[in-house]
There are 4 protein chains.
Amino acid sequence: MMKNIRTDLAIEAKEIYQKENNGSYPGVEVDEYTEEDIKITNVRIIDQVGEKAMGKPKGSYITVEMPEFAHYDSDAMDDVSEVLAKVLTPLIKLEDNMTALVVGLGNSSVTPDALGPEVISRLMVTRHLKELVPNSIDEGIRPVCAISPGVLGTTGIETGEIIRGVVEKIKPNLVICIDALASRKMERVNRTIQIGDTGISPGSGVGNKRMELSERTLGIPVIAIGVPTVVDAATLANDTIDLVLDEMIQQAKNGGEFYNMLKSIDKNEKQKMIHEVLNPYIGNLMVTPKEVDAVIESLSKIIANGINIALQPALGLEDINRYIN
Amino acid sequence: MMKNIRTDLAIEAKEIYQKENNGSYPGVEVDEYTEEDIKITNVRIIDQVGEKAMGKPKGSYITVEMPEFAHYDSDAMDDVSEVLAKVLTPLIKLEDNMTALVVGLGNSSVTPDALGPEVISRLMVTRHLKELVPNSIDEGIRPVCAISPGVLGTTGIETGEIIRGVVEKIKPNLVICIDALASRKMERVNRTIQIGDTGISPGSGVGNKRMELSERTLGIPVIAIGVPTVVDAATLANDTIDLVLDEMIQQAKNGGEFYNMLKSIDKNEKQKMIHEVLNPYIGNLMVTPKEVDAVIESLSKIIANGINIALQPALGLEDINRYIN
Amino acid sequence: MMKNIRTDLAIEAKEIYQKENNGSYPGVEVDEYTEEDIKITNVRIIDQVGEKAMGKPKGSYITVEMPEFAHYDSDAMDDVSEVLAKVLTPLIKLEDNMTALVVGLGNSSVTPDALGPEVISRLMVTRHLKELVPNSIDEGIRPVCAISPGVLGTTGIETGEIIRGVVEKIKPNLVICIDALASRKMERVNRTIQIGDTGISPGSGVGNKRMELSERTLGIPVIAIGVPTVVDAATLANDTIDLVLDEMIQQAKNGGEFYNMLKSIDKNEKQKMIHEVLNPYIGNLMVTPKEVDAVIESLSKIIANGINIALQPALGLEDINRYIN
Amino acid sequence: MMKNIRTDLAIEAKEIYQKENNGSYPGVEVDEYTEEDIKITNVRIIDQVGEKAMGKPKGSYITVEMPEFAHYDSDAMDDVSEVLAKVLTPLIKLEDNMTALVVGLGNSSVTPDALGPEVISRLMVTRHLKELVPNSIDEGIRPVCAISPGVLGTTGIETGEIIRGVVEKIKPNLVICIDALASRKMERVNRTIQIGDTGISPGSGVGNKRMELSERTLGIPVIAIGVPTVVDAATLANDTIDLVLDEMIQQAKNGGEFYNMLKSIDKNEKQKMIHEVLNPYIGNLMVTPKEVDAVIESLSKIIANGINIALQPALGLEDINRYIN
């Protein structure tokens, strides 16, 4: 029944689940707390009931919600990086000398999809130094490597194939993936970071399970970091129509034919209709904020530094910044 | 009565006018013809009736509709440039030695708004050579200069002030403005070029008449070239709702209460409601195709070359390309 | 005799002057001090002797030398901005409600020349708000506007003409220009900020005095901020040859024919020879560090914030960052 | 004896070899011919004498020299692509249904090193369609896939490891690599395309043989396409000094002490001295033409289309352009 929740964010799936299930959400546990003005929500799917209702595998989905000004204030950016590192640290179960591979998913030439590759370009990469010039680098520094594999449409190769080929060659102990997501709500765009421990399906929704990046397919733990950077045009249209219908319902006389008609509109039918109407353009359209270039840049710095701090517990942010130089 | 047509394109305004006026459109004349698979439509507003109905001043608004593949086929791109030049030529009433100033409106750091500045960067600019090293350049070459004045939000100066300041200093005989527009229809985006002889209001719709660039304010003829590169998010939502409502009306029993209710929905009210719903984001949202970077690049080449050919009748496209080097 | 010093930096001109004048430098006064690890040098040309020897007009040329890591450490970047603001403040003799126009010189599509336009894109611009929506903005905020006029080669208009046209229209009380310079020394590139109160000649060295931006040509004070972002290829070759010749001289037997020959090489002749050798490419070549994109970005933030702080004494850096949002 | 030739271009190595070997070049064969104003030179190293003298393995090194205006004239660009395809075709010994993997070497965020990744972004990629939606695509179309693996400094992984991992997973029948090279001569920069059938060592000169991409390491044929896009700063300085010294020798009295001294300068010593002088900056400096962004864009189109035509003999350039859309 709950089969139609289509959102990349567990926090949104839970809201819809809760709404459609009269306020409760069996199979799911939720914790909320705040650090440095940053709201953190941990949505845990604990059993098959939760899995089915949420459309996502069992596991933790932690959401970090940034204050709006974080994109423009370097201290606030650092605060978010530190909170992100705190959330990541317990998920990284590595000994000091174990290697992490960071994967930047997405298309570097479509700005809102370029988050992954942009994070890669700001990462503290050390594996080659550990291997080639070990004396040049402190012992406490963990070997980290990184790759931006591109997208199926421009490489002709499934991302999963590239990553598995690389993983088999270099044998890392952990994979961290970064991807741009779609949100249902404009106010979440570029403001919410989701961290999960159940892997990721690049270009998800396509239903191509071979592409999944997860412990099941790679044989090592996979942490996924995602940020919604676009709103789907059909979602935007749909949500607007819902709001307009709600407004019409409120204004219609309770119990009248019109009221009843409005109440009876089948939400799935309506959504299908919108998809048909927008269909000729849908794959090609995106809705973004105008300042998307600047925002992706600051987001990628925040996330890169969160990963850098979490992977290099022996270093402070200042050392890391100096090192990246 | 026709007061609510909000579109930058005369061809769209005429369609709405015609629809709401039972098929006729007094005060407006329309010619259509085809050159090299390219459809050209000349919408002429001929009197005050037309002006009022269309929400635009008297004059010619010529639309060039490109075939879809033009963005990817260099021969097709050249064909569009040649057709654009043919349309522009009769509007350019200059003697050979008269100077043209080309103005690239828009914000170079927001890709779909960067069309104007991108055209400027591909223009054949000659005025400085004519003035500083006249012997380096053929006599038949017209002096052309160009400027991208930026946008009010990043300069703090109205574009009209900058252009008037420059026009007073360098005294050109003609201004050609290029601007990115909004369309009501996704299928027109990046495919339609509108050429007008009545000037332009940068950031139009804001109602700030002081900013108008026209013969009235600059004292010299102003040709405007515009291409819709985005669809307004509210327009997209509105049009989708209209289509959905039409679908609902068709399915409702003719004459029933629901049918009548739907028929009675006030289109202005509905539009206002959508604007309220989207308001917190509206100024900031844009709907674009994903490959917007590549498309703006090819569009700017097409338009720059159309202008180059029209302004330099003594040269062929090959000479111009070699020259731009 | 000192006529051949070709460098945009007064600090370099003074070094050469001092070297060629046996250690003294009549007509020039120099102060050095340090703030937050940042070295500040004030070179004042006080009379005609200094003007002639230095090849620059009378006035103050203050040099701020950044530590190397400043490009990568956001706290260090803020420190440099604060020091830059301290240096600028006494040069800005404006009442609170007087308007400043900031001019970003250079070509935005050639990375090392894009410093000026990049600064403009990060500036706190307020003039339009003061004029159009005065209630939206605190009274203590000074009206600031900005323009990136482009370069002669792409506009066909001398930069001076554009700026004079704009100045006459909007009547600011002060102009601040930012420009990318050439240095003689690789180690100064992207590390040294020069602030002067005597105006600027865009594309200087070309000898076109009409283009000068100064109090003399604009009628209002002009502050120039410049950073060397390239080394001239001929300069690099010349300096390398000098070092090689010095090495050869040291190794040659003092007093021998070879030694005397080497000593007798006419430096001007040699420089001319190098220019001839490199001539076919010289206008077109530039020598830059590989990470030039990242460095220009951080430099433009440092300078934009220095100007923001200096022009808005009522605000702190945090307010400014929030405002720019 | 010939051990010191350091250039990526076989045509330059042969020139130096010939000069230092009194005009002959044993072990090397050279053919020259012209197609559509484009000069093609085939340098074949045929034995160990040639290998040792040239510092390159046995095999063919074909050089295509573009006319200068090719970067600005779309017909001339197409001509170069066609010639490149003609040169490539005999090297591609594939049956129709065999898969080619194209590898874009280099750093996409350093413009002159971004040639490889830029070519990848303009390639006709078909492998995923052949596999996932075979009916969507003509039978005569060959499966092509592509990857931009990044550089060691930003991935921490040797390029060879990534490519071998991918090759083992997807098992192509041919690899084509594209890389940006360094030239000794400014006039070759961005004008010369070298095609070789002996593989490539990414970041060559570093002496890390594990990184080699060749039939020996990958088990399938490897074609290398390289274009010099920079001049090494030390090379530029060195060549300038040589020219200046030659000039000095010509002016010195034949037989005098100075003349003899100049003649006796040890070229290797001098080169070492220059490297020492430039050493603090050398790794970090590059010498490029100013319009490097525009040139890399047109180069990448030329090369991508040359590869597209060669890999898809069933299609014309027009079909390919339409397809890439």
# chains A, B, ... in the order shown; residues from 1 in each chain; ligands from 1
call {"tool": "residues_around", "arguments": {"residues": "Gly199 in chain C", "least_positions_apart": "5", "cutoff": "8 Å", "atoms": "only C-alpha atoms", "output": "ChimeraX atom specification"}}
result
/C:177,212-215,221-224
call {"tool": "select_by_dssp", "arguments": {"residues": "range 18-243 of chain D", "states": "strand (DSSP E or B)", "output": "count of residues only"}}
result
59
call {"tool": "closest_atom_pairs", "arguments": {"of": "chain B", "to": "chain C", "cutoff": "7 Å", "atoms": "only C-alpha atoms", "output": "JSON lines"}}
result
{"residue": "B:Ser121", "atom": "CA", "partner": "C:Thr154", "partner_atom": "CA", "distance": 6.7}
{"residue": "B:Val125", "atom": "CA", "partner": "C:Gly156", "partner_atom": "CA", "distance": 5.7}
{"residue": "B:Thr126", "atom": "CA", "partner": "C:Gly156", "partner_atom": "CA", "distance": 6.0}
{"residue": "B:Arg127", "atom": "CA", "partner": "C:Gly156", "partner_atom": "CA", "distance": 5.0}
{"residue": "B:His128", "atom": "CA", "partner": "C:Gly156", "partner_atom": "CA", "distance": 4.6}
{"residue": "B:Cys145", "atom": "CA", "partner": "C:Gly156", "partner_atom": "CA", "distance": 4.7}
{"residue": "B:Ala146", "atom": "CA", "partner": "C:Thr155", "partner_atom": "CA", "distance": 4.6}
{"residue": "B:Ile147", "atom": "CA", "partner": "C:Thr155", "partner_atom": "CA", "distance": 5.7}
{"residue": "B:Thr154", "atom": "CA", "partner": "C:Val125", "partner_atom": "CA", "distance": 6.4}
{"residue": "B:Thr155", "atom": "CA", "partner": "C:Ala146", "partner_atom": "CA", "distance": 4.6}
{"residue": "B:Gly156", "atom": "CA", "partner": "C:His128", "partner_atom": "CA", "distance": 4.6}
{"residue": "B:Ile157", "atom": "CA", "partner": "C:His128", "partner_atom": "CA", "distance": 6.2}
{"residue": "B:Glu161", "atom": "CA", "partner": "C:Lys169", "partner_atom": "CA", "distance": 6.5}
{"residue": "B:Ile162", "atom": "CA", "partner": "C:Val166", "partner_atom": "CA", "distance": 5.5}
{"residue": "B:Gly165", "atom": "CA", "partner": "C:Gly165", "partner_atom": "CA", "distance": 4.2}
{"residue": "B:Val166", "atom": "CA", "partner": "C:Gly165", "partner_atom": "CA", "distance": 5.0}
{"residue": "B:Glu168", "atom": "CA", "partner": "C:Gly165", "partner_atom": "CA", "distance": 7.0}
{"residue": "B:Lys169", "atom": "CA", "partner": "C:Gly165", "partner_atom": "CA", "distance": 5.6}
call {"tool": "atom_distance", "arguments": {"atom1": "CA of Asn305 in chain C", "atom2": "CA of Ile320 in chain C"}}
result
8.1 Å
call {"tool": "residues_around", "arguments": {"residues": "Gln194 in chain B", "least_positions_apart": "3", "cutoff": "6 Å", "atoms": "only C-alpha atoms", "output": "list of chain:residue names"}}
result
B:Ile62, B:Thr63, B:Ile225, B:Gly226
call {"tool": "write_last_selection", "arguments": {"atoms": "N, CA, C and O atoms", "output": "short mmCIF file (atom, residue, chain, number, x, y, z; two decimals), in the first residue's frame"}}
result
data_model
loop_
_atom_site.label_atom_id
_atom_site.label_comp_id
_atom_site.auth_asym_id
_atom_site.auth_seq_id
_atom_site.Cartn_x
_atom_site.Cartn_y
_atom_site.Cartn_z
N ILE B 62 9.82 39.44 -35.04
CA ILE B 62 10.05 38.33 -35.96
C ILE B 62 10.61 37.15 -35.19
O ILE B 62 11.53 37.31 -34.38
N THR B 63 10.01 35.98 -35.41
CA THR B 63 10.44 34.79 -34.69
C THR B 63 11.07 33.81 -35.66
O THR B 63 10.48 33.47 -36.68
N ILE B 225 17.25 41.25 -29.70
CA ILE B 225 17.25 39.83 -30.04
C ILE B 225 17.08 39.06 -28.75
O ILE B 225 17.86 39.25 -27.81
N GLY B 226 16.05 38.22 -28.68
CA GLY B 226 15.81 37.49 -27.44
C GLY B 226 15.57 36.01 -27.71
O GLY B 226 15.00 35.64 -28.72
#
